[in-house]
$ cat query_7.cif   # mmCIF, C-alpha atoms and all ligand atoms
data_model
#
loop_
_atom_site.label_atom_id
_atom_site.label_comp_id
_atom_site.auth_asym_id
_atom_site.auth_seq_id
_atom_site.Cartn_x
_atom_site.Cartn_y
_atom_site.Cartn_z
CA MET Q 13 34.96 -149.53 105.80
CA THR Q 14 34.80 -152.19 103.11
CA SER Q 15 31.49 -150.97 101.79
CA LEU Q 16 32.75 -147.40 101.82
CA LEU Q 17 35.75 -148.38 99.70
CA THR Q 18 33.51 -150.24 97.29
CA GLN Q 19 31.16 -147.29 97.21
CA ALA Q 20 33.99 -144.91 96.36
CA GLN Q 21 35.33 -147.21 93.70
CA ASP Q 22 31.92 -147.90 92.13
CA GLY Q 23 30.89 -144.27 92.43
CA PHE Q 24 33.99 -143.22 90.52
CA THR Q 25 33.26 -145.69 87.75
CA ALA Q 26 29.62 -144.59 87.57
CA ALA Q 27 30.58 -140.92 87.40
CA PHE Q 28 33.50 -141.09 85.00
CA GLY Q 29 33.05 -144.32 83.05
CA TYR Q 30 36.36 -145.94 83.95
CA ALA Q 31 38.05 -147.33 87.07
CA PRO Q 32 40.06 -145.21 89.54
CA GLU Q 33 43.82 -145.62 89.96
CA GLY Q 34 43.73 -145.63 93.73
CA LEU Q 35 41.79 -145.07 96.93
CA TRP Q 36 42.82 -142.86 99.82
CA SER Q 37 40.93 -141.96 102.98
CA ALA Q 38 40.97 -139.50 105.84
CA PRO Q 39 39.04 -139.54 109.12
CA GLY Q 40 36.66 -137.14 110.77
CA ARG Q 41 37.58 -136.14 114.31
CA VAL Q 42 36.25 -135.24 117.69
CA ASN Q 43 38.01 -132.74 119.83
CA LEU Q 44 38.35 -134.10 123.35
CA ILE Q 45 39.09 -130.61 124.64
CA GLY Q 46 40.56 -127.29 123.43
CA GLU Q 47 37.90 -125.40 121.48
CA HIS Q 48 38.59 -122.16 119.58
CA THR Q 49 42.11 -122.26 120.96
CA ASP Q 50 43.75 -123.21 117.65
CA TYR Q 51 43.57 -119.81 115.96
CA ASN Q 52 44.65 -118.26 119.26
CA GLU Q 53 47.91 -120.20 118.88
CA GLY Q 54 47.09 -122.39 121.87
CA PHE Q 55 46.55 -126.09 122.57
CA VAL Q 56 44.07 -128.67 121.31
CA LEU Q 57 43.53 -132.37 121.96
CA PRO Q 58 41.53 -134.01 119.14
CA PHE Q 59 41.46 -137.59 117.95
CA ALA Q 60 40.68 -139.11 114.57
CA ILE Q 61 37.51 -141.20 114.57
CA ASP Q 62 36.52 -144.41 112.81
CA ARG Q 63 34.42 -142.56 110.25
CA ARG Q 64 36.16 -141.64 107.04
CA THR Q 65 35.92 -140.00 103.67
CA VAL Q 66 37.33 -142.03 100.80
CA ALA Q 67 38.72 -140.41 97.66
CA ALA Q 68 38.83 -142.57 94.52
CA LEU Q 69 41.16 -140.83 92.11
CA ALA Q 70 42.77 -141.10 88.70
CA LEU Q 71 45.08 -138.63 86.98
CA ARG Q 72 44.03 -137.30 83.58
CA ALA Q 73 46.02 -136.67 80.44
CA ASP Q 74 44.88 -133.02 80.32
CA GLY Q 75 44.66 -130.19 82.84
CA LEU Q 76 41.02 -130.64 83.82
CA VAL Q 77 39.70 -131.49 87.27
CA ARG Q 78 36.37 -133.27 87.66
CA VAL Q 79 34.87 -133.79 91.10
CA SER Q 80 31.97 -135.95 92.17
CA SER Q 81 30.55 -137.11 95.51
CA SER Q 82 28.12 -139.85 96.41
CA ALA Q 83 27.25 -137.59 99.30
CA VAL Q 84 25.36 -140.33 101.11
CA SER Q 85 24.75 -138.39 104.26
CA LEU Q 86 24.70 -135.01 102.61
CA SER Q 87 21.60 -132.95 102.39
CA THR Q 88 23.06 -129.50 102.82
CA GLY Q 89 22.26 -126.76 100.36
CA SER Q 90 25.81 -126.47 99.18
CA LEU Q 91 25.71 -129.99 97.92
CA SER Q 92 22.22 -130.32 96.58
CA THR Q 93 22.70 -127.75 93.83
CA GLY Q 94 25.01 -129.88 91.72
CA SER Q 95 25.13 -127.21 89.06
CA LEU Q 96 28.29 -126.16 87.29
CA SER Q 97 30.20 -123.22 88.59
CA THR Q 98 29.33 -119.96 86.91
CA GLY Q 99 32.85 -118.70 87.54
CA SER Q 100 35.56 -118.49 84.95
CA LEU Q 101 36.71 -121.97 85.77
CA SER Q 102 33.90 -123.92 84.21
CA THR Q 103 34.79 -124.58 80.63
CA ARG Q 104 31.98 -126.67 79.28
CA PRO Q 105 29.18 -128.78 80.67
CA SER Q 106 30.47 -132.02 82.07
CA SER Q 107 29.78 -134.96 79.81
CA THR Q 108 29.90 -137.30 82.76
CA ARG Q 109 26.90 -139.05 84.19
CA PRO Q 110 25.82 -138.19 87.71
CA SER Q 111 26.74 -140.86 90.22
CA SER Q 112 23.74 -142.89 91.32
CA GLU Q 113 22.99 -141.24 94.66
CA GLY Q 114 25.17 -138.20 94.46
CA THR Q 115 25.69 -134.96 92.69
CA PRO Q 116 26.71 -134.68 89.03
CA ALA Q 117 30.43 -134.34 88.49
CA ARG Q 118 31.71 -130.79 88.10
CA GLU Q 119 34.57 -129.76 85.88
CA PHE Q 120 37.31 -127.16 86.31
CA VAL Q 121 40.69 -126.15 84.89
CA LEU Q 122 43.40 -127.03 87.41
CA ALA Q 123 45.80 -124.21 86.62
CA ALA Q 124 43.00 -121.65 86.85
CA ALA Q 125 41.73 -122.65 90.30
CA SER Q 126 41.46 -119.52 92.41
CA PRO Q 127 39.51 -118.61 95.55
CA ALA Q 128 36.03 -117.15 95.15
CA ALA Q 129 35.65 -118.57 91.62
CA VAL Q 130 34.39 -121.95 92.81
CA ARG Q 131 31.07 -122.26 94.59
CA GLY Q 132 29.55 -125.00 96.75
CA TRP Q 133 31.23 -128.17 97.87
CA ALA Q 134 33.66 -128.26 94.93
CA ALA Q 135 35.59 -125.46 96.64
CA TYR Q 136 36.95 -128.05 99.09
CA PRO Q 137 38.69 -130.32 96.53
CA LEU Q 138 39.67 -127.43 94.26
CA GLY Q 139 40.97 -125.60 97.32
CA VAL Q 140 43.20 -128.56 98.15
CA ALA Q 141 44.80 -128.51 94.69
CA TRP Q 142 45.24 -124.75 95.04
CA GLY Q 143 46.62 -125.15 98.57
CA LEU Q 144 49.17 -127.72 97.38
CA GLY Q 145 50.19 -125.15 94.78
CA ARG Q 146 50.61 -122.54 97.48
CA VAL Q 147 52.97 -124.76 99.47
CA GLY Q 148 55.19 -125.62 96.53
CA ALA Q 149 53.51 -127.85 93.91
CA GLU Q 150 53.92 -126.51 90.35
CA LEU Q 151 50.29 -126.82 89.31
CA ALA Q 152 50.92 -125.62 85.75
CA GLY Q 153 53.10 -128.64 85.06
CA LEU Q 154 50.85 -131.23 86.72
CA PRO Q 155 48.09 -133.34 85.15
CA GLY Q 156 44.46 -132.83 86.10
CA PHE Q 157 42.45 -135.53 87.86
CA ASP Q 158 39.06 -137.10 88.31
CA VAL Q 159 37.99 -137.73 91.90
CA HIS Q 160 34.93 -139.24 93.51
CA PHE Q 161 34.24 -139.11 97.25
CA ALA Q 162 32.30 -141.50 99.45
CA SER Q 163 31.98 -140.79 103.16
CA ASP Q 164 30.37 -141.85 106.40
CA VAL Q 165 31.40 -138.70 108.26
CA PRO Q 166 28.21 -136.75 108.95
CA VAL Q 167 28.36 -133.35 107.28
CA GLY Q 168 28.09 -130.18 109.33
CA ALA Q 169 27.88 -132.22 112.54
CA GLY Q 170 31.03 -130.77 114.05
CA LEU Q 171 33.00 -133.93 113.26
CA SER Q 172 34.98 -132.25 110.50
CA SER Q 173 33.75 -133.76 107.29
CA SER Q 174 35.46 -130.78 105.66
CA ALA Q 175 38.95 -131.77 106.83
CA ALA Q 176 38.17 -135.40 105.95
CA ILE Q 177 37.45 -134.54 102.31
CA GLU Q 178 40.42 -132.16 102.15
CA CYS Q 179 42.91 -134.55 103.69
CA ALA Q 180 41.75 -137.61 101.73
CA LEU Q 181 42.41 -135.68 98.53
CA ALA Q 182 45.66 -134.19 99.81
CA VAL Q 183 47.23 -137.59 100.53
CA ALA Q 184 45.88 -138.85 97.18
CA LEU Q 185 47.42 -135.99 95.19
CA ASN Q 186 50.63 -136.07 97.23
CA GLU Q 187 51.11 -139.63 96.04
CA ALA Q 188 49.64 -139.42 92.52
CA TRP Q 189 51.54 -136.22 91.73
CA ARG Q 190 54.68 -137.58 93.50
CA LEU Q 191 55.01 -134.40 95.54
CA GLY Q 192 56.76 -136.05 98.47
CA PHE Q 193 55.36 -133.49 100.94
CA ASP Q 194 55.48 -134.46 104.61
CA ARG Q 195 52.35 -134.41 106.77
CA THR Q 196 53.15 -131.00 108.21
CA ARG Q 197 53.17 -129.53 104.71
CA LEU Q 198 49.88 -131.27 103.96
CA VAL Q 199 48.37 -129.70 107.09
CA GLU Q 200 49.46 -126.34 105.75
CA ALA Q 201 48.02 -127.00 102.28
CA THR Q 202 44.66 -128.31 103.52
CA HIS Q 203 44.33 -125.56 106.08
CA LEU Q 204 44.98 -123.04 103.30
CA ALA Q 205 42.27 -124.78 101.28
CA GLU Q 206 39.70 -124.24 104.02
CA HIS Q 207 40.83 -120.83 105.17
CA GLY Q 208 42.16 -119.22 102.01
CA PHE Q 209 39.99 -120.88 99.35
CA VAL Q 210 36.70 -121.93 100.92
CA GLY Q 211 36.82 -118.93 103.22
CA ALA Q 212 36.10 -120.57 106.60
CA PRO Q 213 38.19 -118.78 109.22
CA THR Q 214 39.08 -121.96 111.12
CA GLY Q 215 42.44 -122.94 112.60
CA ILE Q 216 44.65 -125.99 112.00
CA LEU Q 217 42.89 -128.29 114.46
CA ASP Q 218 40.82 -130.32 112.01
CA GLN Q 219 43.45 -130.89 109.35
CA SER Q 220 46.06 -131.78 111.97
CA ALA Q 221 43.73 -134.35 113.53
CA ALA Q 222 43.02 -135.92 110.14
CA LEU Q 223 46.67 -136.02 109.07
CA LEU Q 224 48.67 -136.56 112.27
CA SER Q 225 46.56 -138.72 114.62
CA ALA Q 226 47.64 -142.17 115.77
CA GLU Q 227 45.30 -145.05 116.55
CA GLY Q 228 44.21 -145.25 120.19
CA ALA Q 229 45.59 -141.84 121.04
CA ALA Q 230 44.62 -138.20 121.10
CA LEU Q 231 46.82 -135.64 119.39
CA PHE Q 232 48.24 -133.03 121.74
CA LEU Q 233 48.92 -130.20 119.34
CA ASP Q 234 50.60 -126.88 119.95
CA CYS Q 235 48.99 -124.62 117.38
CA ARG Q 236 51.75 -122.03 117.61
CA ASP Q 237 54.57 -124.14 116.26
CA GLY Q 238 52.52 -127.06 114.89
CA SER Q 239 54.37 -129.61 117.03
CA SER Q 240 52.35 -132.56 118.29
CA VAL Q 241 52.62 -135.69 120.40
CA PRO Q 242 50.21 -138.60 120.76
CA VAL Q 243 48.66 -139.03 124.20
CA ASP Q 244 47.31 -142.48 124.89
CA LEU Q 245 43.60 -142.34 125.67
CA GLY Q 246 43.58 -145.71 127.40
CA LEU Q 247 39.82 -146.01 126.90
CA GLY Q 248 39.63 -149.80 126.55
CA PRO Q 249 41.58 -150.72 129.67
CA ALA Q 250 39.56 -148.20 131.69
CA GLY Q 251 36.27 -149.63 130.41
CA LEU Q 252 35.40 -146.27 128.88
CA ALA Q 253 34.15 -145.10 125.50
CA VAL Q 254 33.39 -141.80 123.80
CA LEU Q 255 29.78 -141.41 122.75
CA VAL Q 256 28.85 -138.80 120.15
CA VAL Q 257 25.46 -137.11 120.24
CA ASP Q 258 24.86 -135.47 116.87
CA THR Q 259 22.12 -132.95 117.58
CA LYS Q 260 21.35 -132.62 113.86
CA VAL Q 261 21.42 -128.87 114.27
CA LYS Q 262 23.66 -127.83 111.40
CA HIS Q 263 26.32 -125.24 111.86
CA GLU Q 264 27.82 -123.11 109.11
CA HIS Q 265 31.35 -121.97 109.72
CA VAL Q 266 31.77 -119.86 106.65
CA SER Q 267 29.30 -117.36 107.98
CA GLY Q 268 28.56 -115.52 111.15
CA GLY Q 269 29.34 -116.53 114.67
CA TYR Q 270 32.65 -118.27 114.18
CA ALA Q 271 34.20 -115.25 112.51
CA ALA Q 272 32.75 -112.96 115.18
CA ARG Q 273 34.35 -115.09 117.94
CA ARG Q 274 37.66 -114.99 116.16
CA ALA Q 275 37.47 -111.22 115.73
CA ALA Q 276 36.72 -110.74 119.45
CA CYS Q 277 39.75 -112.89 120.37
CA GLU Q 278 41.98 -110.83 118.10
CA ARG Q 279 40.61 -107.64 119.59
CA ALA Q 280 41.37 -108.94 123.09
CA ALA Q 281 44.91 -109.92 122.13
CA ARG Q 282 45.54 -106.46 120.65
CA ALA Q 283 44.18 -104.72 123.73
CA LEU Q 284 46.38 -106.87 125.95
CA GLY Q 285 49.41 -106.18 123.80
CA VAL Q 286 50.17 -109.81 122.95
CA ARG Q 287 50.57 -111.64 119.65
CA ALA Q 288 47.81 -114.13 120.52
CA LEU Q 289 45.72 -115.12 123.54
CA ARG Q 290 48.09 -118.04 123.98
CA ASP Q 291 50.45 -115.55 125.58
CA VAL Q 292 48.04 -114.64 128.39
CA THR Q 293 47.70 -116.51 131.69
CA VAL Q 294 44.53 -116.64 133.75
CA PRO Q 295 45.86 -114.26 136.47
CA GLN Q 296 47.10 -111.82 133.81
CA LEU Q 297 43.69 -111.77 132.17
CA LEU Q 298 41.90 -111.16 135.45
CA ALA Q 299 44.29 -108.30 136.23
CA ALA Q 300 43.67 -106.72 132.83
CA ARG Q 301 39.88 -106.88 133.04
CA ASP Q 302 39.53 -103.09 132.65
CA GLN Q 303 41.43 -103.01 129.37
CA LEU Q 304 38.80 -105.12 127.62
CA ASP Q 305 35.24 -104.56 126.58
CA ASP Q 306 32.81 -107.02 128.08
CA GLU Q 307 32.50 -109.23 125.03
CA ALA Q 308 36.26 -109.44 124.44
CA TYR Q 309 36.83 -110.23 128.12
CA HIS Q 310 34.43 -113.17 128.17
CA ARG Q 311 35.69 -114.56 124.85
CA ALA Q 312 39.28 -114.25 126.08
CA ARG Q 313 38.43 -115.85 129.41
CA HIS Q 314 37.16 -118.92 127.60
CA VAL Q 315 40.27 -119.21 125.45
CA VAL Q 316 42.76 -118.61 128.26
CA THR Q 317 41.10 -121.04 130.68
CA GLU Q 318 40.59 -123.57 127.87
CA ASP Q 319 44.30 -123.61 127.09
CA GLN Q 320 44.95 -124.45 130.72
CA ARG Q 321 42.28 -127.18 130.65
CA VAL Q 322 43.98 -128.82 127.67
CA LEU Q 323 47.28 -128.92 129.56
CA ASP Q 324 45.49 -130.29 132.63
CA THR Q 325 43.71 -132.93 130.53
CA VAL Q 326 46.98 -134.14 129.05
CA ALA Q 327 48.40 -134.41 132.56
CA ALA Q 328 45.30 -136.30 133.76
CA LEU Q 329 45.47 -138.75 130.84
CA ARG Q 330 49.13 -139.40 131.49
CA ALA Q 331 48.34 -139.95 135.16
CA GLY Q 332 45.55 -142.38 134.28
CA ASP Q 333 42.89 -140.19 135.90
CA PRO Q 334 39.78 -140.28 133.67
CA GLN Q 335 37.63 -138.81 136.44
CA ARG Q 336 39.65 -135.63 136.22
CA VAL Q 337 39.44 -135.66 132.41
CA GLY Q 338 35.67 -135.77 132.77
CA GLU Q 339 35.64 -132.79 135.14
CA LEU Q 340 37.73 -130.77 132.73
CA MET Q 341 35.43 -131.65 129.83
CA LEU Q 342 32.45 -130.41 131.78
CA ALA Q 343 34.23 -127.21 132.78
CA SER Q 344 35.08 -126.71 129.12
CA HIS Q 345 31.43 -127.04 128.16
CA ASP Q 346 30.35 -124.52 130.79
CA SER Q 347 32.95 -122.09 129.50
CA MET Q 348 31.76 -122.48 125.91
CA ARG Q 349 28.16 -122.04 126.99
CA ASP Q 350 28.63 -119.04 129.28
CA ASP Q 351 31.78 -117.19 128.17
CA PHE Q 352 32.15 -118.06 124.49
CA GLU Q 353 28.40 -118.46 123.89
CA ILE Q 354 28.68 -121.04 121.13
CA SER Q 355 26.53 -123.79 122.60
CA THR Q 356 22.89 -124.49 121.79
CA ARG Q 357 20.00 -125.71 123.93
CA GLU Q 358 20.31 -129.12 122.23
CA LEU Q 359 24.02 -129.38 123.04
CA ASP Q 360 23.39 -128.29 126.63
CA LEU Q 361 20.68 -130.91 126.96
CA ALA Q 362 22.91 -133.65 125.55
CA VAL Q 363 25.58 -132.77 128.11
CA GLU Q 364 23.10 -132.63 130.98
CA VAL Q 365 21.52 -135.98 130.12
CA ALA Q 366 24.94 -137.60 129.67
CA MET Q 367 26.07 -136.41 133.10
CA ASP Q 368 22.81 -137.57 134.71
CA GLY Q 369 23.31 -140.92 133.00
CA GLY Q 370 26.68 -141.56 134.57
CA ALA Q 371 29.15 -140.03 132.09
CA LEU Q 372 32.46 -138.91 133.61
CA GLY Q 373 32.34 -135.77 131.50
CA ALA Q 374 30.65 -134.31 128.45
CA ARG Q 375 30.96 -131.27 126.24
CA MET Q 376 30.06 -129.91 122.87
CA THR Q 377 32.82 -130.56 120.34
CA GLY Q 378 33.83 -128.63 117.24
CA GLY Q 379 33.19 -125.03 116.34
CA GLY Q 380 29.78 -124.81 117.99
CA PHE Q 381 26.41 -123.26 117.03
CA GLY Q 382 25.10 -126.79 116.57
CA GLY Q 383 26.81 -130.03 115.70
CA SER Q 384 27.75 -132.68 118.23
CA ALA Q 385 28.44 -133.27 121.88
CA ILE Q 386 30.72 -135.99 123.23
CA ALA Q 387 30.46 -137.93 126.46
CA LEU Q 388 33.24 -139.86 128.16
CA THR Q 389 31.34 -142.71 129.66
CA PRO Q 390 31.66 -146.22 131.10
CA VAL Q 391 30.94 -148.69 128.30
CA GLU Q 392 28.11 -150.35 130.22
CA ARG Q 393 26.22 -147.07 130.51
CA ILE Q 394 26.02 -146.52 126.77
CA PRO Q 395 22.74 -148.28 125.89
CA ALA Q 396 20.81 -146.52 128.68
CA LEU Q 397 22.45 -143.22 127.88
CA ARG Q 398 21.51 -143.41 124.21
CA LEU Q 399 17.91 -144.09 125.19
CA ALA Q 400 17.85 -141.27 127.72
CA VAL Q 401 19.22 -138.76 125.20
CA GLY Q 402 16.61 -139.78 122.62
CA GLU Q 403 13.80 -139.49 125.17
CA ALA Q 404 14.92 -136.12 126.51
CA PHE Q 405 15.11 -134.67 123.00
CA GLY Q 406 11.70 -136.14 122.18
CA GLU Q 407 10.11 -134.66 125.29
CA ARG Q 408 11.25 -131.19 124.32
CA GLY Q 409 10.23 -131.57 120.71
CA TYR Q 410 13.83 -131.30 119.44
CA ARG Q 411 14.92 -133.13 116.31
CA ALA Q 412 15.84 -136.75 117.01
CA PRO Q 413 19.59 -136.87 117.65
CA GLU Q 414 21.91 -139.56 116.36
CA THR Q 415 24.15 -141.24 118.91
CA PHE Q 416 27.15 -143.44 118.18
CA VAL Q 417 30.41 -144.53 119.75
CA VAL Q 418 33.65 -143.34 118.15
CA ARG Q 419 37.02 -145.02 118.43
CA PRO Q 420 40.39 -143.26 118.20
CA SER Q 421 41.64 -144.21 114.76
CA GLN Q 422 44.39 -143.80 112.18
CA SER Q 423 45.07 -140.63 110.26
CA ALA Q 424 44.78 -140.26 106.46
CA ARG Q 425 46.11 -143.23 104.52
CA ARG Q 426 46.18 -145.11 101.25
CA GLU Q 427 43.53 -147.84 101.00
CA LEU Q 428 43.65 -151.07 99.07
CA PHE Q 429 41.04 -151.92 96.48
CA GLU Q 430 38.44 -154.38 97.65
CA HIS Q 431 38.17 -155.98 94.21
CA THR Q 432 40.71 -155.67 91.44
CA PRO Q 433 39.24 -153.03 89.16
CA GLU Q 434 38.57 -154.12 85.61
CA SER Q 435 41.07 -152.66 83.23
P1 LIG D 501 31.96 -130.18 109.29
O1 LIG D 501 33.38 -130.10 108.86
O2 LIG D 501 31.78 -129.99 110.75
O3 LIG D 501 31.27 -131.42 108.83
P2 LIG D 501 31.80 -127.86 107.58
O4 LIG D 501 30.73 -126.84 107.38
O5 LIG D 501 33.13 -127.41 108.01
O6 LIG D 501 31.19 -128.97 108.58
O7 LIG D 501 32.01 -128.66 106.23
C1 LIG D 501 30.92 -129.24 105.55
C2 LIG D 501 31.04 -128.99 104.06
O8 LIG D 501 32.15 -129.75 103.52
C3 LIG D 501 29.84 -129.51 103.27
O9 LIG D 501 28.81 -128.55 103.23
C4 LIG D 501 30.44 -129.75 101.90
O10 LIG D 501 30.56 -128.55 101.19
C5 LIG D 501 31.84 -130.23 102.25
N1 LIG D 501 31.91 -131.73 102.32
C6 LIG D 501 32.21 -132.46 103.39
N2 LIG D 501 32.19 -133.79 103.10
C7 LIG D 501 31.87 -133.90 101.81
C8 LIG D 501 31.69 -135.02 100.90
N3 LIG D 501 31.85 -136.27 101.29
N4 LIG D 501 31.36 -134.73 99.62
C9 LIG D 501 31.21 -133.45 99.22
N5 LIG D 501 31.37 -132.37 100.01
C10 LIG D 501 31.68 -132.58 101.30
MG MG D 502 34.60 -128.36 109.06
#
$ encode --input "query_7.cif" --output "structure tokens"
Amino acid sequence: MTSLLTQAQDGFTAAFGYAPEGLWSAPGRVNLIGEHTDYNEGFVLPFAIDRRTVAALALRADGLVRVSSSAVSLSTGSLSTGSLSTGSLSTRPSSTRPSSEGTPAREFVLAAASPAAVRGWAAYPLGVAWGLGRVGAELAGLPGFDVHFASDVPVGAGLSSSAAIECALAVALNEAWRLGFDRTRLVEATHLAEHGFVGAPTGILDQSAALLSAEGAALFLDCRDGSSVPVDLGLGPAGLAVLVVDTKVKHEHVSGGYAARRAACERAARALGVRALRDVTVPQLLAARDQLDDEAYHRARHVVTEDQRVLDTVAALRAGDPQRVGELMLASHDSMRDDFEISTRELDLAVEVAMDGGALGARMTGGGFGGSAIALTPVERIPALRLAVGEAFGERGYRAPETFVVRPSQSARRELFEHTPES
């Protein structure tokens, strides 16, 4: 964490030529269970992880916004371009120097930020400013800002680097602009950023995890009313840990499969005459089989059974029954593989190897089509499990996965400077 803070601070100075006013951070997340249930107004159970994105920020005297990222782990197309937006927002070429390892800073007019006019990664920070405007901030009267991001959340790995960058900036601007918005309002603003500005049709899961999680606990979130309670994971006392297997197969939420899954869920809800699939029970769905086309039925069956699995997982955690949690995780994976069809051969292999290696349960996590799997596993099994996963991927000629343990961590927060910045 210390080096990340220093990196953010130094990256800001390198990009903009002066020191930032403050540092704020937000975590990535894993979802223990409850996938694609958020936009169906159901239940999810994520937790914030000990990998974060740090925003180093300073307000400006004018209305410009300049964004820069050291993008250490970023190699995605949307970040490698680094060119200025061709939309109406770019006023003049940035006079700033590119940060040492990252992309050159990009420059926009705050009051003119609008969806579809900003391309590439800059849509995330600009979207946050826009989202804050949508939930009540008077952007026209607020100063612009310079922001630099440093992160150790892998990008496009299903660990929600997107919510981490959004929420780090949201808590930064909430404080710097003295907005006084509560966390629920920040969830709304950052979700709007991703959905309404970037154009990724995701639900509130990721932003809620980054803004509402408590250390050591998962966040049991009702996506219909936004209410949430922490549920103690009790990993340490049980001798358990959560291992992430990043398959290095990148997903892309803005396009394709995610939107198609969402559309099928909405079609199913309409055919069943309910507001959202949240309102359907498993027996009701089975009884209404004939009212749905085959695709809609299978998508709905995943969502409806997954909602129930989240409730069962919460009950199992509260009862101190990790064995049962593991079973539910595995059932969730099977449902995503067979009914929702969002798994990949790499994710399936990671789950299979984890189970063979003594995990209590394992499943893909995040939106799917690549990204990461998680395994709930006894701590002492981890070294052998990591080896086994690497070997199994190697044998099949898959890209070498990255495996690491994640700990349930704090939500977005202000950070203290490591060194007093020179003034
Ligand atoms: P995930 O959230 O699972 O990592 P997404 O596709 O939702 O994957 O979001 C990844 C995108 O978010 C990146 O392509 C980039 O545009 C943006 N992003 C995330 N983290 C950063 C960062 N530290 N700096 C710049 N852009 C970032
Ligand atoms: Mg994301």
$ atom_distance --input "query_7.cif" --atom1 "CA of Ala328 in chain Q" --atom2 "CA of His345 in chain Q"
17.6 Å
$ closest_residue --input "query_7.cif" --among "Q:Ala250, Q:Ala27, Q:Cys235, Q:Ala385" --to "Ser82 in chain Q" --atoms "only C-alpha atoms"
Q:Ala27
$ residues_near_ligand --input "query_7.cif" --ligand "ligand MG 502 (chain D)" --cutoff "6 Å" --atoms "all atoms listed in the file" --output "list in words"
Ser172, Ser173, Ser174 and Ala175 of chain Q
$ atom_distance --input "query_7.cif" --atom1 "atom C4 of ligand LIG 501 (chain D)" --atom2 "CA of Trp133 in chain Q"
4.4 Å
$ closest_residue --input "query_7.cif" --among "Q:Leu323, Q:Val210, Q:Val79, Q:Leu154" --to "Pro127 in chain Q" --atoms "all atoms listed in the file"
Q:Val210
$ residues_around --input "query_7.cif" --residues "Arg274 in chain Q" --least-positions-apart "5" --cutoff "9 Å" --atoms "only C-alpha atoms" --output "list in words"
His48, Tyr51, Asn52, Pro213, Thr214, Gly269, Arg279 and Arg311 of chain Q
$ write_last_selection --input "query_7.cif" --atoms "C-alpha atoms" --output "PDB file, keeping the file's coordinate frame"
ATOM      1  CA  HIS Q  48      38.590-122.160 119.580  1.00  0.00           C
ATOM      2  CA  TYR Q  51      43.570-119.810 115.960  1.00  0.00           C
ATOM      3  CA  ASN Q  52      44.650-118.260 119.260  1.00  0.00           C
ATOM      4  CA  PRO Q 213      38.190-118.780 109.220  1.00  0.00           C
ATOM      5  CA  THR Q 214      39.080-121.960 111.120  1.00  0.00           C
ATOM      6  CA  GLY Q 269      29.340-116.530 114.670  1.00  0.00           C
ATOM      7  CA  ARG Q 279      40.610-107.640 119.590  1.00  0.00           C
ATOM      8  CA  ARG Q 311      35.690-114.560 124.850  1.00  0.00           C
TER       9      ARG Q 311
END
$ closest_residue --input "query_7.cif" --among "Q:Leu247, Q:Val337, Q:Leu144, Q:Arg273" --to "Val199 in chain Q" --atoms "only C-alpha atoms"
Q:Leu144
$ closest_residue --input "query_7.cif" --among "Q:Pro395, Q:Pro166, Q:Pro242, Q:Gly46" --to "ligand LIG 501 (chain D)" --atoms "only C-alpha atoms and all ligand atoms"
Q:Pro166
$ atom_distance --input "query_7.cif" --atom1 "CA of Arg236 in chain Q" --atom2 "CA of Gly54 in chain Q"
6.3 Å
$ residues_around --input "query_7.cif" --residues "Thr14 in chain Q" --least-positions-apart "3" --cutoff "10 Å" --atoms "only C-alpha atoms" --output "list in words"
Leu17, Thr18, Gln19, Ala20, Glu427, Leu428, Phe429 and Glu430 of chain Q
$ write_last_selection --input "query_7.cif" --atoms "C-alpha atoms" --output "PDB file, keeping the file's coordinate frame"
ATOM      1  CA  LEU Q  17      35.750-148.380  99.700  1.00  0.00           C
ATOM      2  CA  THR Q  18      33.510-150.240  97.290  1.00  0.00           C
ATOM      3  CA  GLN Q  19      31.160-147.290  97.210  1.00  0.00           C
ATOM      4  CA  ALA Q  20      33.990-144.910  96.360  1.00  0.00           C
ATOM      5  CA  GLU Q 427      43.530-147.840 101.000  1.00  0.00           C
ATOM      6  CA  LEU Q 428      43.650-151.070  99.070  1.00  0.00           C
ATOM      7  CA  PHE Q 429      41.040-151.920  96.480  1.00  0.00           C
ATOM      8  CA  GLU Q 430      38.440-154.380  97.650  1.00  0.00           C
TER       9      GLU Q 430
END
$ closest_residue --input "query_7.cif" --among "Q:Leu224, Q:Val316, Q:Leu297, Q:Val159" --to "Ala68 in chain Q" --atoms "only C-alpha atoms"
Q:Val159
$ closest_residue --input "query_7.cif" --among "Q:Ala404, Q:Ile177, Q:Leu151, Q:Ala281" --to "ligand LIG 501 (chain D)" --atoms "all atoms listed in the file"
Q:Ile177
$ residues_around --input "query_7.cif" --residues "Tyr270 in chain Q" --least-positions-apart "5" --cutoff "12 Å" --atoms "all atoms listed in the file" --output "count of residues only"
24
$ residues_around --input "query_7.cif" --residues "Ala366 in chain Q" --least-positions-apart "3" --cutoff "9 Å" --atoms "all atoms listed in the file" --output "PyMOL selection string"
chain Q and resi 361-363+369-374+386-389+397-398+400-401
